Amino acid sequence: MTKPTLATVWLDGCSGCHMSFLDMDERLLDIAARADLVYSPLVDVKTFPESVDITLVEGAVSSEDDLAKIQLVRAHTRVLVSLGDCAVTANVPGLRNPYGPGPLLQRAYIDNVDLNAQLPSQVVPKLLAKSRPVHTVVAVDVFLPGCPPTADQIFWVLDELLSGRSPDTATMSRFGT
Ligand code: SF4
């Protein structure tokens, strides 16, 4: 019997949620026995697969690249999990929302730079007007807040999903039980 597939995606976040994922330690072996990790910053796969059963998304939707990526991911994912406060509320990336991208870029690339101050016109993806929680852009099935969520909570959610249940994170304790 084929195992369910699992993916993790990194949008505008600090990678702390992925570090918490890794903090599951030996329980990663349990997850690996029950699901195939088919796409993630943790594995060398460049293209999001055609069909994924569970995708954990870290980070807010802040740029045009983030927007295109989460729309692609949503279209090819059965259960989408917003992983962490940046995905759930925009959190830290959302701090720039009252100012808009213009003053932010000015501060980062002009005001605070001593040499070759210039706004990026290539490589750096164009920022959206606001940094947005994932569910305001695409449908989200499970919300897992926390900055970051604990490894226990991430394991609990994955265990629930891989057991065929719908995790109710509103009833979840800090330790995910
Ligand atoms: Fe980092 Fe916290 Fe955002 Fe996760 S929720 S990406 S740990 S700032």
# chains A, B, ... in the order shown; residues from 1 in each chain; ligands from 1
$ residues_around --residues "segment 154-164 of chain A" --least-positions-apart "6" --cutoff "9 Å" --atoms "only C-alpha atoms" --output "ChimeraX atom specification"
/A:4,20-21,24,27-28,31,34-35,54,79,83,142,144,172,175-177
$ select_by_dssp --residues "segment 4-45 of chain A" --states "alpha helix (DSSP H)" --output "list of chain:residue names"
A:Gly16, A:Cys17, A:His18, A:Met19, A:Ser20, A:Phe21, A:Leu22, A:Arg27, A:Leu28, A:Leu29, A:Asp30, A:Ile31, A:Ala32, A:Ala33, A:Arg34
$ write_last_selection --atoms "C-alpha atoms" --output "mmCIF file, in the first residue's frame"
data_model
loop_
_atom_site.group_PDB
_atom_site.id
_atom_site.type_symbol
_atom_site.label_atom_id
_atom_site.label_comp_id
_atom_site.auth_asym_id
_atom_site.auth_seq_id
_atom_site.Cartn_x
_atom_site.Cartn_y
_atom_site.Cartn_z
ATOM 1 C CA GLY A 16 11.820 28.778 12.834
ATOM 2 C CA CYS A 17 8.714 26.711 12.118
ATOM 3 C CA HIS A 18 10.802 24.321 10.042
ATOM 4 C CA MET A 19 13.333 24.155 12.891
ATOM 5 C CA SER A 20 10.452 23.179 15.184
ATOM 6 C CA PHE A 21 9.461 20.513 12.642
ATOM 7 C CA LEU A 22 13.006 19.119 12.894
ATOM 8 C CA ARG A 27 9.474 11.109 15.964
ATOM 9 C CA LEU A 28 10.574 12.115 12.457
ATOM 10 C CA LEU A 29 11.260 8.400 11.969
ATOM 11 C CA ASP A 30 7.669 7.659 12.934
ATOM 12 C CA ILE A 31 6.431 10.258 10.437
ATOM 13 C CA ALA A 32 8.789 8.910 7.763
ATOM 14 C CA ALA A 33 7.394 5.402 8.306
ATOM 15 C CA ARG A 34 3.855 6.655 7.747
#
$ residues_near_ligand --ligand "ligand 1" --cutoff "10 Å" --atoms "only C-alpha atoms and all ligand atoms" --output "tab-separated table (two decimals) with N, CA, C and O atoms, in the first residue's frame"
chain	number	residue	atom	x	y	z
A	10	TRP	N	8.00	26.90	2.45
A	10	TRP	CA	8.54	28.05	3.18
A	10	TRP	C	8.25	29.32	2.37
A	10	TRP	O	8.83	29.53	1.32
A	11	LEU	N	7.33	30.14	2.92
A	11	LEU	CA	7.05	31.44	2.28
A	11	LEU	C	7.81	32.51	3.06
A	11	LEU	O	9.01	32.37	3.27
A	12	ASP	N	7.13	33.60	3.49
A	12	ASP	CA	7.84	34.68	4.20
A	12	ASP	C	7.86	34.38	5.70
A	12	ASP	O	7.02	34.85	6.46
A	13	GLY	N	8.81	33.58	6.09
A	13	GLY	CA	9.00	33.22	7.49
A	13	GLY	C	10.49	33.12	7.78
A	13	GLY	O	11.32	33.24	6.87
A	14	CYS	N	10.82	32.89	9.04
A	14	CYS	CA	12.24	32.93	9.45
A	14	CYS	C	12.88	31.57	9.44
A	14	CYS	O	14.04	31.44	9.81
A	15	SER	N	12.13	30.53	9.08
A	15	SER	CA	12.50	29.11	9.10
A	15	SER	C	12.38	28.51	10.49
A	15	SER	O	12.62	27.32	10.67
A	16	GLY	N	11.98	29.32	11.49
A	16	GLY	CA	11.82	28.78	12.83
A	16	GLY	C	10.78	27.68	12.92
A	16	GLY	O	10.91	26.74	13.71
A	17	CYS	N	9.74	27.77	12.10
A	17	CYS	CA	8.71	26.71	12.12
A	17	CYS	C	9.29	25.41	11.55
A	17	CYS	O	8.95	24.32	12.02
A	18	HIS	N	10.15	25.53	10.55
A	18	HIS	CA	10.80	24.32	10.04
A	18	HIS	C	11.79	23.76	11.07
A	18	HIS	O	11.95	22.54	11.18
A	19	MET	N	12.44	24.65	11.83
A	19	MET	CA	13.33	24.16	12.89
A	19	MET	C	12.52	23.38	13.93
A	19	MET	O	12.97	22.36	14.45
A	20	SER	N	11.31	23.88	14.23
A	20	SER	CA	10.45	23.18	15.18
A	20	SER	C	10.02	21.82	14.62
A	20	SER	O	9.92	20.84	15.35
A	57	VAL	N	2.51	24.81	5.59
A	57	VAL	CA	3.02	26.06	5.01
A	57	VAL	C	3.50	26.98	6.10
A	57	VAL	O	2.72	27.38	6.98
A	58	GLU	N	4.79	27.32	6.07
A	58	GLU	CA	5.35	28.31	6.99
A	58	GLU	C	5.41	29.66	6.29
A	58	GLU	O	5.80	29.76	5.13
A	59	GLY	N	5.05	30.72	7.01
A	59	GLY	CA	5.28	32.08	6.52
A	59	GLY	C	4.04	32.73	5.92
A	59	GLY	O	3.08	32.07	5.52
A	60	ALA	N	4.10	34.05	5.86
A	60	ALA	CA	3.04	34.85	5.26
A	60	ALA	C	3.23	34.92	3.75
A	60	ALA	O	4.26	34.52	3.21
A	82	SER	N	-1.82	25.70	7.81
A	82	SER	CA	-1.08	26.94	8.09
A	82	SER	C	-0.23	26.71	9.32
A	82	SER	O	-0.74	26.52	10.42
A	83	LEU	N	1.08	26.69	9.14
A	83	LEU	CA	2.01	26.32	10.21
A	83	LEU	C	2.65	27.57	10.81
A	83	LEU	O	3.51	28.20	10.19
A	84	GLY	N	2.22	27.93	12.01
A	84	GLY	CA	2.86	29.04	12.71
A	84	GLY	C	2.16	30.37	12.50
A	84	GLY	O	1.35	30.55	11.58
A	85	ASP	N	2.50	31.31	13.38
A	85	ASP	CA	1.78	32.60	13.41
A	85	ASP	C	1.98	33.42	12.13
A	85	ASP	O	1.07	34.18	11.77
A	86	CYS	N	3.10	33.31	11.47
A	86	CYS	CA	3.28	34.10	10.24
A	86	CYS	C	2.29	33.64	9.17
A	86	CYS	O	1.72	34.45	8.44
A	87	ALA	N	2.07	32.33	9.09
A	87	ALA	CA	1.08	31.81	8.14
A	87	ALA	C	-0.34	32.13	8.60
A	87	ALA	O	-1.21	32.44	7.79
A	88	VAL	N	-0.59	32.06	9.91
A	88	VAL	CA	-1.94	32.20	10.44
A	88	VAL	C	-2.39	33.66	10.51
A	88	VAL	O	-3.54	33.98	10.24
A	89	THR	N	-1.47	34.57	10.88
A	89	THR	CA	-1.88	35.98	11.09
A	89	THR	C	-1.04	37.00	10.33
A	89	THR	O	-1.31	38.19	10.40
A	90	ALA	N	0.01	36.58	9.68
A	90	ALA	CA	1.05	37.42	9.04
A	90	ALA	C	2.11	37.87	10.06
A	90	ALA	O	3.24	38.17	9.67
A	91	ASN	N	1.75	37.96	11.33
A	91	ASN	CA	2.75	38.05	12.41
A	91	ASN	C	3.90	39.01	12.08
A	91	ASN	O	3.66	40.17	11.75
A	92	VAL	N	5.12	38.57	12.13
A	92	VAL	CA	6.28	39.46	11.94
A	92	VAL	C	6.31	40.10	10.55
A	92	VAL	O	6.49	41.33	10.44
A	93	PRO	N	6.12	39.36	9.46
A	93	PRO	CA	6.11	40.03	8.15
A	93	PRO	C	5.04	41.10	8.05
A	93	PRO	O	5.21	42.11	7.35
A	144	LEU	N	-2.46	25.95	12.65
A	144	LEU	CA	-1.60	25.55	13.76
A	144	LEU	C	-0.78	26.77	14.19
A	144	LEU	O	0.31	27.04	13.68
A	145	PRO	N	-1.33	27.58	15.14
A	145	PRO	CA	-0.64	28.80	15.53
A	145	PRO	C	0.55	28.51	16.44
A	145	PRO	O	0.75	27.39	16.91
A	146	GLY	N	1.31	29.58	16.73
A	146	GLY	CA	2.49	29.47	17.58
A	146	GLY	C	3.67	30.09	16.87
A	146	GLY	O	3.71	30.12	15.65
A	147	CYS	N	4.61	30.59	17.64
A	147	CYS	CA	5.78	31.23	17.03
A	147	CYS	C	7.05	30.75	17.71
A	147	CYS	O	7.62	31.44	18.52
A	148	PRO	N	7.50	29.57	17.28
A	148	PRO	CA	6.82	28.62	16.39
A	148	PRO	C	5.90	27.70	17.19
A	148	PRO	O	6.00	27.64	18.41
A	149	PRO	N	5.04	26.93	16.50
A	149	PRO	CA	4.36	25.83	17.18
A	149	PRO	C	5.43	24.87	17.73
A	149	PRO	O	6.50	24.74	17.13
A	150	THR	N	5.12	24.23	18.84
A	150	THR	CA	6.10	23.30	19.40
A	150	THR	C	6.18	22.04	18.54
A	150	THR	O	5.26	21.71	17.79
$ closest_residue --among "A:Leu42, A:Ala139, A:Leu115, A:Val81" --to "Pro167 of chain A" --atoms "only C-alpha atoms"
A:Val81
$ select_by_dssp --residues "segment 85-165 of chain A" --states "strand (DSSP E or B)" --output "list of chain:residue names"
A:Leu127, A:Leu128, A:Ala129, A:Lys130, A:Ser131, A:Arg132, A:Val142, A:Phe143, A:Leu144
$ closest_residue --among "A:Val61, A:Leu127, A:Ala117, A:Ala170" --to "Leu104 of chain A" --atoms "only C-alpha atoms"
A:Leu127
$ atom_distance --atom1 "atom CA of Asp168 of chain A" --atom2 "atom CA of Phe143 of chain A"
8.7 Å
$ residues_around --residues "Asn97 of chain A" --least-positions-apart "3" --cutoff "9 Å" --atoms "only C-alpha atoms" --output "list in words"
Pro93, Gly94, Gly100, Pro101, Ala129, Lys130, Ser131 and Arg132 of chain A
$ write_last_selection --atoms "C-alpha atoms" --output "PDB file, in the first residue's frame"
ATOM      1  CA  PRO A  93       6.110  40.026   8.147  1.00  0.00           C
ATOM      2  CA  GLY A  94       2.840  41.891   8.738  1.00  0.00           C
ATOM      3  CA  GLY A 100       3.551  49.763   2.587  1.00  0.00           C
ATOM      4  CA  PRO A 101       6.403  48.313   0.548  1.00  0.00           C
ATOM      5  CA  ALA A 129       1.057  45.877  -0.954  1.00  0.00           C
ATOM      6  CA  LYS A 130       0.544  43.960   2.297  1.00  0.00           C
ATOM      7  CA  SER A 131       1.925  40.801   3.838  1.00  0.00           C
ATOM      8  CA  ARG A 132      -1.067  38.492   4.135  1.00  0.00           C
TER       9      ARG A 132
END
$ closest_residue --among "A:Glu64, A:Asp152, A:Asp36, A:Ser166" --to "Thr2 of chain A" --atoms "only C-alpha atoms"
A:Asp36
$ atom_distance --atom1 "atom CA of Gly102 of chain A" --atom2 "atom CA of Gln122 of chain A"
16.1 Å
